Every structure is written in structure tokens, then in C-alpha cells.
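Have a look at upload.cif; it's mmCIF, C-alpha atoms:
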```cif
data_data
#
loop_
_atom_site.label_atom_id
_atom_site.label_comp_id
_atom_site.auth_asym_id
_atom_site.auth_seq_id
_atom_site.Cartn_x
_atom_site.Cartn_y
_atom_site.Cartn_z
CA MET U 1 -3.26 -0.92 16.22
CA SER U 2 -1.80 -0.06 12.81
CA LEU U 3 -4.97 0.82 10.88
CA PRO U 4 -5.31 4.23 12.56
CA HIS U 5 -1.67 4.91 11.67
CA ALA U 6 -2.24 3.85 8.07
CA ILE U 7 -5.18 6.29 7.91
CA LEU U 8 -3.15 9.10 9.47
CA THR U 9 -0.41 8.45 6.91
CA ALA U 10 -2.84 8.57 3.99
CA LEU U 11 -4.51 11.75 5.28
CA LEU U 12 -1.15 13.46 5.78
CA GLU U 13 -0.31 12.61 2.18
CA LYS U 14 -3.61 14.15 1.10
CA PRO U 15 -6.70 15.27 3.05
CA SER U 16 -9.58 13.13 1.78
CA SER U 17 -13.18 12.17 2.21
CA GLY U 18 -13.91 8.72 3.59
CA LEU U 19 -14.86 7.47 0.13
CA GLU U 20 -11.72 8.86 -1.47
CA LEU U 21 -9.64 7.41 1.35
CA THR U 22 -11.08 3.92 0.85
CA ARG U 23 -10.37 4.14 -2.89
CA ARG U 24 -6.79 5.26 -2.22
CA PHE U 25 -6.36 2.37 0.23
CA ASP U 26 -7.47 -0.03 -2.49
CA ARG U 27 -4.70 1.32 -4.78
CA SER U 28 -1.80 1.71 -2.35
CA ILE U 29 -1.71 1.05 1.40
CA GLY U 30 -4.21 -1.77 1.00
CA TYR U 31 -1.58 -3.86 -0.79
CA PHE U 32 0.24 -4.35 2.50
CA TRP U 33 -2.40 -3.35 5.06
CA PRO U 34 -5.78 -4.45 3.67
CA SER U 35 -8.86 -3.03 5.38
CA THR U 36 -12.53 -3.04 4.60
CA HIS U 37 -14.34 0.20 3.89
CA GLN U 38 -16.33 -0.32 7.10
CA GLN U 39 -13.12 -0.59 9.15
CA ILE U 40 -11.79 2.62 7.64
CA TYR U 41 -14.99 4.57 8.31
CA ARG U 42 -15.11 3.23 11.88
CA GLU U 43 -11.50 4.32 12.47
CA LEU U 44 -12.16 7.78 11.02
CA GLY U 45 -14.80 8.26 13.74
CA LYS U 46 -12.42 7.07 16.45
CA LEU U 47 -9.59 9.28 15.19
CA GLU U 48 -11.90 12.29 15.09
CA LYS U 49 -13.15 11.58 18.61
CA ALA U 50 -9.53 11.23 19.83
CA GLY U 51 -8.67 14.66 18.38
CA HIS U 52 -6.25 13.28 15.79
CA ILE U 53 -8.23 14.37 12.73
CA ARG U 54 -11.02 16.80 11.97
CA VAL U 55 -13.60 17.32 9.30
CA LEU U 56 -12.65 20.24 7.08
CA PRO U 57 -15.25 22.99 7.02
CA ALA U 58 -17.37 22.85 3.87
CA ALA U 59 -17.42 25.87 1.55
CA GLN U 60 -21.21 25.62 1.42
CA PRO U 61 -22.97 23.36 3.91
CA ALA U 62 -25.23 20.89 2.15
CA ARG U 63 -27.17 17.88 3.32
CA GLY U 64 -25.46 14.59 2.49
CA GLN U 65 -22.20 16.33 1.55
CA ARG U 66 -19.03 14.24 1.81
CA LYS U 67 -16.87 14.98 4.82
CA GLU U 68 -13.24 15.69 4.03
CA TYR U 69 -10.75 14.91 6.79
CA GLU U 70 -7.37 16.36 7.68
CA VAL U 71 -4.82 15.43 10.34
CA LEU U 72 -4.48 17.69 13.38
CA PRO U 73 -1.17 18.32 15.20
CA ALA U 74 -2.05 15.65 17.80
CA GLY U 75 -2.51 13.12 14.98
CA ARG U 76 0.86 14.01 13.46
CA GLU U 77 2.50 13.64 16.89
CA GLU U 78 0.81 10.25 17.39
CA LEU U 79 2.09 9.06 14.00
CA MET U 80 5.60 10.34 14.69
CA ALA U 81 5.65 8.54 18.05
CA TRP U 82 4.40 5.33 16.46
CA VAL U 83 7.00 5.46 13.66
CA SER U 84 9.80 5.58 16.23
CA LEU U 85 8.55 2.60 18.28
CA ALA U 86 10.49 -0.66 18.33
CA GLU U 87 8.41 -3.64 17.21
CA ASP U 88 9.43 -7.26 16.82
CA PRO U 89 8.74 -9.01 13.50
CA ARG U 90 5.58 -11.07 13.51
CA PRO U 91 5.88 -14.81 13.02
CA VAL U 92 4.63 -16.20 9.73
CA ARG U 93 1.01 -17.35 9.98
CA ASP U 94 0.03 -18.75 6.61
CA PRO U 95 -2.80 -21.25 6.10
CA LEU U 96 -1.12 -22.77 3.04
CA LEU U 97 1.96 -23.69 5.06
CA LEU U 98 -0.23 -25.23 7.75
CA ARG U 99 -2.16 -27.23 5.11
CA MET U 100 1.14 -28.51 3.72
CA ARG U 101 2.17 -29.63 7.20
CA ALA U 102 -1.21 -31.37 7.61
CA ALA U 103 -0.79 -33.02 4.19
CA ALA U 104 2.37 -34.65 5.53
CA VAL U 105 0.20 -36.69 7.88
CA VAL U 106 -3.08 -37.12 5.94
CA GLY U 107 -1.89 -37.17 2.33
CA SER U 108 -1.37 -34.51 -0.27
CA ALA U 109 -4.33 -35.12 -2.61
CA GLY U 110 -5.23 -31.82 -4.27
CA LEU U 111 -2.30 -29.95 -2.75
CA ALA U 112 -0.34 -29.54 -6.00
CA GLY U 113 -3.34 -27.87 -7.64
CA GLU U 114 -3.64 -25.44 -4.75
CA LEU U 115 0.08 -24.67 -4.94
CA ARG U 116 -0.28 -23.94 -8.66
CA ARG U 117 -3.23 -21.65 -7.95
CA HIS U 118 -1.20 -19.75 -5.34
CA LEU U 119 1.72 -19.55 -7.75
CA ALA U 120 -0.51 -17.94 -10.40
CA LEU U 121 -1.84 -15.43 -7.84
CA HIS U 122 1.66 -14.50 -6.66
CA ARG U 123 2.90 -14.16 -10.24
CA ALA U 124 0.00 -11.81 -11.03
CA GLN U 125 0.68 -9.73 -7.91
CA LEU U 126 4.39 -9.56 -8.75
CA ALA U 127 3.57 -8.37 -12.27
CA GLU U 128 1.28 -5.69 -10.85
CA TYR U 129 3.95 -4.46 -8.41
CA LEU U 130 6.57 -4.33 -11.19
CA GLU U 131 4.15 -2.34 -13.34
CA ILE U 132 3.57 0.12 -10.47
CA GLU U 133 7.30 0.47 -9.96
CA GLU U 134 7.91 1.21 -13.63
CA ARG U 135 4.98 3.64 -13.85
CA ASP U 136 5.33 5.48 -10.53
CA PHE U 137 9.06 5.42 -9.78
CA PRO U 138 11.17 6.57 -12.72
CA PRO U 139 14.90 6.97 -11.94
CA GLU U 140 14.61 10.76 -11.61
CA ARG U 141 12.28 10.47 -8.60
CA THR U 142 14.80 10.58 -5.77
CA SER U 143 13.15 12.53 -2.94
CA ASP U 144 13.16 10.97 0.52
CA GLU U 145 9.38 10.46 0.25
CA ASP U 146 9.75 8.66 -3.09
CA ARG U 147 12.68 6.61 -1.83
CA LEU U 148 10.72 5.38 1.20
CA ARG U 149 7.60 4.64 -0.85
CA ARG U 150 9.67 2.72 -3.36
CA LEU U 151 11.29 0.72 -0.55
CA VAL U 152 7.83 -0.35 0.63
CA LEU U 153 6.98 -1.38 -2.93
CA ARG U 154 10.31 -3.22 -3.24
CA GLY U 155 9.40 -5.11 -0.06
CA GLY U 156 6.24 -6.29 -1.82
CA ILE U 157 8.21 -7.18 -4.95
CA ASP U 158 10.75 -9.13 -2.91
CA LEU U 159 8.02 -11.02 -1.00
CA GLU U 160 6.23 -11.97 -4.22
CA THR U 161 9.56 -13.02 -5.75
CA PHE U 162 10.18 -15.22 -2.70
CA TRP U 163 6.72 -16.82 -2.94
CA THR U 164 6.95 -17.48 -6.68
CA GLY U 165 10.36 -19.12 -6.24
CA TRP U 166 9.34 -21.14 -3.20
CA LEU U 167 6.07 -22.31 -4.75
CA THR U 168 7.85 -23.30 -7.97
CA ARG U 169 10.31 -25.42 -5.95
CA ALA U 170 7.48 -26.94 -3.87
CA ILE U 171 5.54 -27.90 -7.00
CA ASP U 172 8.68 -29.38 -8.58
CA ASP U 173 9.31 -31.38 -5.39
CA LEU U 174 5.74 -32.70 -5.31
CA ASP U 175 5.81 -33.56 -9.02
CA GLY U 176 9.33 -35.02 -8.90
CA PRO U 177 10.63 -38.54 -8.36
CA GLY U 178 8.78 -40.52 -5.72
CA SER U 179 5.53 -38.60 -6.15
#
```

Have the structure of the file written as C-alpha cells, please.
Amino acid sequence: MSLPHAILTALLEKPSSGLELTRRFDRSIGYFWPSTHQQIYRELGKLEKAGHIRVLPAAQPARGQRKEYEVLPAGREELMAWVSLAEDPRPVRDPLLLRMRAAAVVGSAGLAGELRRHLALHRAQLAEYLEIEERDFPPERTSDEDRLRRLVLRGGIDLETFWTGWLTRAIDDLDGPGS
């Protein structure tokens, strides 16, 4: 249910063509709500049909021209209603944790290598988030919009910090005495 709301959010930030929207997703919202380009284009059609967005009129109609979308008042109202909804946290559903549980009963051959690979991936993601924070959120940016966007980014930073710490401890435990 959240992809349409992610698209409405992005289009309220800046009216965009489908292609531009998919590129913006890859650089921002996609970090915490990944979607394929096909999913985004499919949702644009549904949102347009529902009356939440519209295609902006082109200055000069041309065949094959990119459609640029903007949010209509009904789309803004839908997003405002969704933002105010109560929603319970989702339980963790992570294949690595399940594989670790399975390793407890079938043996942990190869598991340490996979943990090290995940650790490297989480370290790289953490470094990228910290770079984004430094580049995009200097101390003088204090508007409510910037504050909320930074909080989302800080959530990503905190999650990656958790994973790097947890994976480091798990690797140390597997490599420690009795292994």
C-alpha cells in the first residue's frame, strides 16, 4: 500500500516524468522503499486513474514526448490521510537471521563468510548514508522539511550502525573460543 504514497510524496516534492521519478527513487526514497521502474510506472497509471495525479499539459504536443505528472488535491488529501494513520511496526523478516537459526541445527559451514559479506555491504551503505548527511544536511538547514528528511536518513544511519555492530559481534562469536 505504501508505494503509491511514496510516489505521491516524490511528486509533491517535484512534479516529474516517470523516468525522472524512477531516477529520483534510485537516489532517495528507494533507499528505504525500493521499487522497480515497472512498479513505479504501473502505480503512476493507477494513481492517474484514481484521480490522484494528472499528466501536465505539454507546451507543444509531440509524439513520444515524456509525460510529466503532478499531484491533484485528491492525491494530497490521500497522502495527508495516510500520514495520520496508526500502523504497528512490522516484525523483522530477514533471511540471514533465519539461515543463522537453521545453522544451529545443520551446522554453520560457510556462515562466517556470509556474515563478513553482509558486514561489508552494511559498512558500505553506512558510509554512503554518512556522505549524504554531510553533503545534503549542513547545520544551517533547519526547516521542518529538512529536519524530517534528515530524521529519515538518521534512521537509515542508525539501522546500518546496528547491523555493523551486530554482525561484528556475531563474527567474533563464531570465530571465538569453541569454534

Problem - the PyMOL selection byres ((chain U and resi 128-140) around 12) applied to the shown file, residues as a PyMOL selection string - result: chain U and resi 27-28+31-32+121-127+141-143+145-161

Exercise for the section: To one decimal in Å, tell me the separation between atom CA of Arg24 of chain U and atom CA of Gln65 of chain U. Expected result: 19.3 Å

To verify the selection step, state as an mmCIF file with C-alpha atoms, in the frame of the given file which residues the PyMOL selection byres ((chain U and resi 170) around 12) yields on this input.
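After the write, out-v1.cif holds the following:
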```cif
data_model
loop_
_atom_site.group_PDB
_atom_site.id
_atom_site.type_symbol
_atom_site.label_atom_id
_atom_site.label_comp_id
_atom_site.auth_asym_id
_atom_site.auth_seq_id
_atom_site.Cartn_x
_atom_site.Cartn_y
_atom_site.Cartn_z
ATOM 1 C CA LEU U 96 -1.120 -22.770 3.040
ATOM 2 C CA LEU U 97 1.960 -23.690 5.060
ATOM 3 C CA MET U 100 1.140 -28.510 3.720
ATOM 4 C CA LEU U 111 -2.300 -29.950 -2.750
ATOM 5 C CA ALA U 112 -0.340 -29.540 -6.000
ATOM 6 C CA GLY U 113 -3.340 -27.870 -7.640
ATOM 7 C CA GLU U 114 -3.640 -25.440 -4.750
ATOM 8 C CA LEU U 115 0.080 -24.670 -4.940
ATOM 9 C CA ARG U 116 -0.280 -23.940 -8.660
ATOM 10 C CA HIS U 118 -1.200 -19.750 -5.340
ATOM 11 C CA LEU U 119 1.720 -19.550 -7.750
ATOM 12 C CA TRP U 163 6.720 -16.820 -2.940
ATOM 13 C CA THR U 164 6.950 -17.480 -6.680
ATOM 14 C CA GLY U 165 10.360 -19.120 -6.240
ATOM 15 C CA TRP U 166 9.340 -21.140 -3.200
ATOM 16 C CA LEU U 167 6.070 -22.310 -4.750
ATOM 17 C CA THR U 168 7.850 -23.300 -7.970
ATOM 18 C CA ARG U 169 10.310 -25.420 -5.950
ATOM 19 C CA ILE U 171 5.540 -27.900 -7.000
ATOM 20 C CA ASP U 172 8.680 -29.380 -8.580
ATOM 21 C CA ASP U 173 9.310 -31.380 -5.390
ATOM 22 C CA LEU U 174 5.740 -32.700 -5.310
ATOM 23 C CA ASP U 175 5.810 -33.560 -9.020
ATOM 24 C CA GLY U 176 9.330 -35.020 -8.900
#
```

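Separating atom CA of Asp88 of chain U from atom CA of Arg76 of chain U is a distance of 23.2 Å.
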
Practice task
For the file shown, report as a PyMOL selection string the outcome of the PyMOL selection byres ((chain U and resi 37) around 9) at residue level.
Solution key: chain U and resi 18-19+21-23+35-36+38-42

Problem - Atomic separation - atom CA of Ser17 of chain U relative to atom CA of Lys67 of chain U, Å - result: 5.3 Å

Six-sided padding of 8 Å per side, axis-aligned box over segment 26-31 of chain U, centre and edges in Å, one decimal, as AutoDock Vina command-line options:
```
--center_x -4.5 --center_y -1.1 --center_z -1.7 --size_x 21.9 --size_y 21.6 --size_z 22.2
```

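Here the question is which of U:Val105, U:Ala58, U:Ala50, U:Leu8 gets nearest to Glu70 of chain U using all atoms listed in the file, and that residue is U:Leu8.
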
Problem - Spatial neighbours of Ala74 of chain U, max dist 10 Å, only C-alpha atoms, sep filter under 6 positions, as a PyMOL selection string - result: chain U and resi 50-53+80

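Counting all atoms listed in the file and comparing U:Asp26, U:Glu43, U:Glu20, U:Glu68, the residue that lies closest to Ser2 of chain U is U:Glu43.
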
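Closest to Leu11 of chain U among U:Pro57, U:Pro95, U:Gly45, U:Gly75 is U:Gly75, based on all atoms listed in the file.
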
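With distances taken over all atoms listed in the file, U:Pro4 is the one residue among U:Pro4, U:Pro177, U:Gly110, U:Pro15 lying closest to Glu78 of chain U.
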
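In this comparison, which uses all atoms listed in the file, the residue of U:Ser16, U:Thr9, U:Ser108, U:Ser84 approaching Leu56 of chain U most closely is U:Ser16.
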
Could you model N, CA, C and O atoms for segment 80-98 of chain U and present them as a compact mmCIF listing (two decimals), in the frame of the given file?
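This went into part.txt:
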```
# COMPACT_ATOMS: atom_id res chain seq x y z
N MET U 80 4.15 10.24 14.49
CA MET U 80 5.60 10.34 14.69
C MET U 80 6.06 9.45 15.84
O MET U 80 7.09 8.77 15.73
N ALA U 81 5.30 9.40 16.92
CA ALA U 81 5.65 8.54 18.05
C ALA U 81 5.58 7.07 17.65
O ALA U 81 6.46 6.27 18.00
N TRP U 82 4.56 6.71 16.88
CA TRP U 82 4.40 5.33 16.46
C TRP U 82 5.53 4.89 15.51
O TRP U 82 6.03 3.77 15.62
N VAL U 83 5.93 5.78 14.60
CA VAL U 83 7.00 5.46 13.66
C VAL U 83 8.30 5.13 14.40
O VAL U 83 9.06 4.25 13.99
N SER U 84 8.54 5.78 15.52
CA SER U 84 9.80 5.58 16.23
C SER U 84 9.78 4.41 17.21
O SER U 84 10.80 4.10 17.82
N LEU U 85 8.64 3.74 17.37
CA LEU U 85 8.55 2.60 18.28
C LEU U 85 9.31 1.40 17.76
O LEU U 85 9.36 1.15 16.55
N ALA U 86 9.88 0.63 18.69
CA ALA U 86 10.49 -0.66 18.33
C ALA U 86 9.38 -1.70 18.30
O ALA U 86 8.48 -1.69 19.14
N GLU U 87 9.41 -2.58 17.31
CA GLU U 87 8.41 -3.64 17.21
C GLU U 87 9.07 -4.87 16.63
O GLU U 87 9.76 -4.80 15.62
N ASP U 88 8.86 -6.00 17.30
CA ASP U 88 9.43 -7.26 16.82
C ASP U 88 8.71 -7.73 15.57
O ASP U 88 7.51 -7.48 15.41
N PRO U 89 9.42 -8.43 14.68
CA PRO U 89 8.74 -9.01 13.50
C PRO U 89 7.69 -10.01 13.96
O PRO U 89 7.85 -10.67 14.98
N ARG U 90 6.63 -10.11 13.19
CA ARG U 90 5.58 -11.07 13.51
C ARG U 90 5.94 -12.42 12.89
O ARG U 90 6.44 -12.47 11.77
N PRO U 91 5.63 -13.50 13.61
CA PRO U 91 5.88 -14.81 13.02
C PRO U 91 4.96 -15.04 11.82
O PRO U 91 3.86 -14.50 11.76
N VAL U 92 5.43 -15.86 10.90
CA VAL U 92 4.63 -16.20 9.73
C VAL U 92 3.42 -17.00 10.19
O VAL U 92 3.53 -17.91 11.02
N ARG U 93 2.26 -16.63 9.68
CA ARG U 93 1.01 -17.35 9.98
C ARG U 93 0.27 -17.50 8.66
O ARG U 93 -0.53 -16.65 8.29
N ASP U 94 0.58 -18.56 7.94
CA ASP U 94 0.03 -18.75 6.61
C ASP U 94 -0.72 -20.07 6.52
O ASP U 94 -0.14 -21.12 6.76
N PRO U 95 -2.01 -20.02 6.17
CA PRO U 95 -2.80 -21.25 6.10
C PRO U 95 -2.25 -22.28 5.11
O PRO U 95 -2.38 -23.48 5.34
N LEU U 96 -1.66 -21.83 4.01
CA LEU U 96 -1.12 -22.77 3.04
C LEU U 96 0.01 -23.59 3.65
O LEU U 96 0.08 -24.81 3.45
N LEU U 97 0.87 -22.95 4.42
CA LEU U 97 1.96 -23.69 5.06
C LEU U 97 1.42 -24.70 6.07
O LEU U 97 1.92 -25.83 6.16
N LEU U 98 0.38 -24.32 6.80
CA LEU U 98 -0.23 -25.23 7.75
C LEU U 98 -0.88 -26.41 7.02
O LEU U 98 -0.77 -27.57 7.46
```
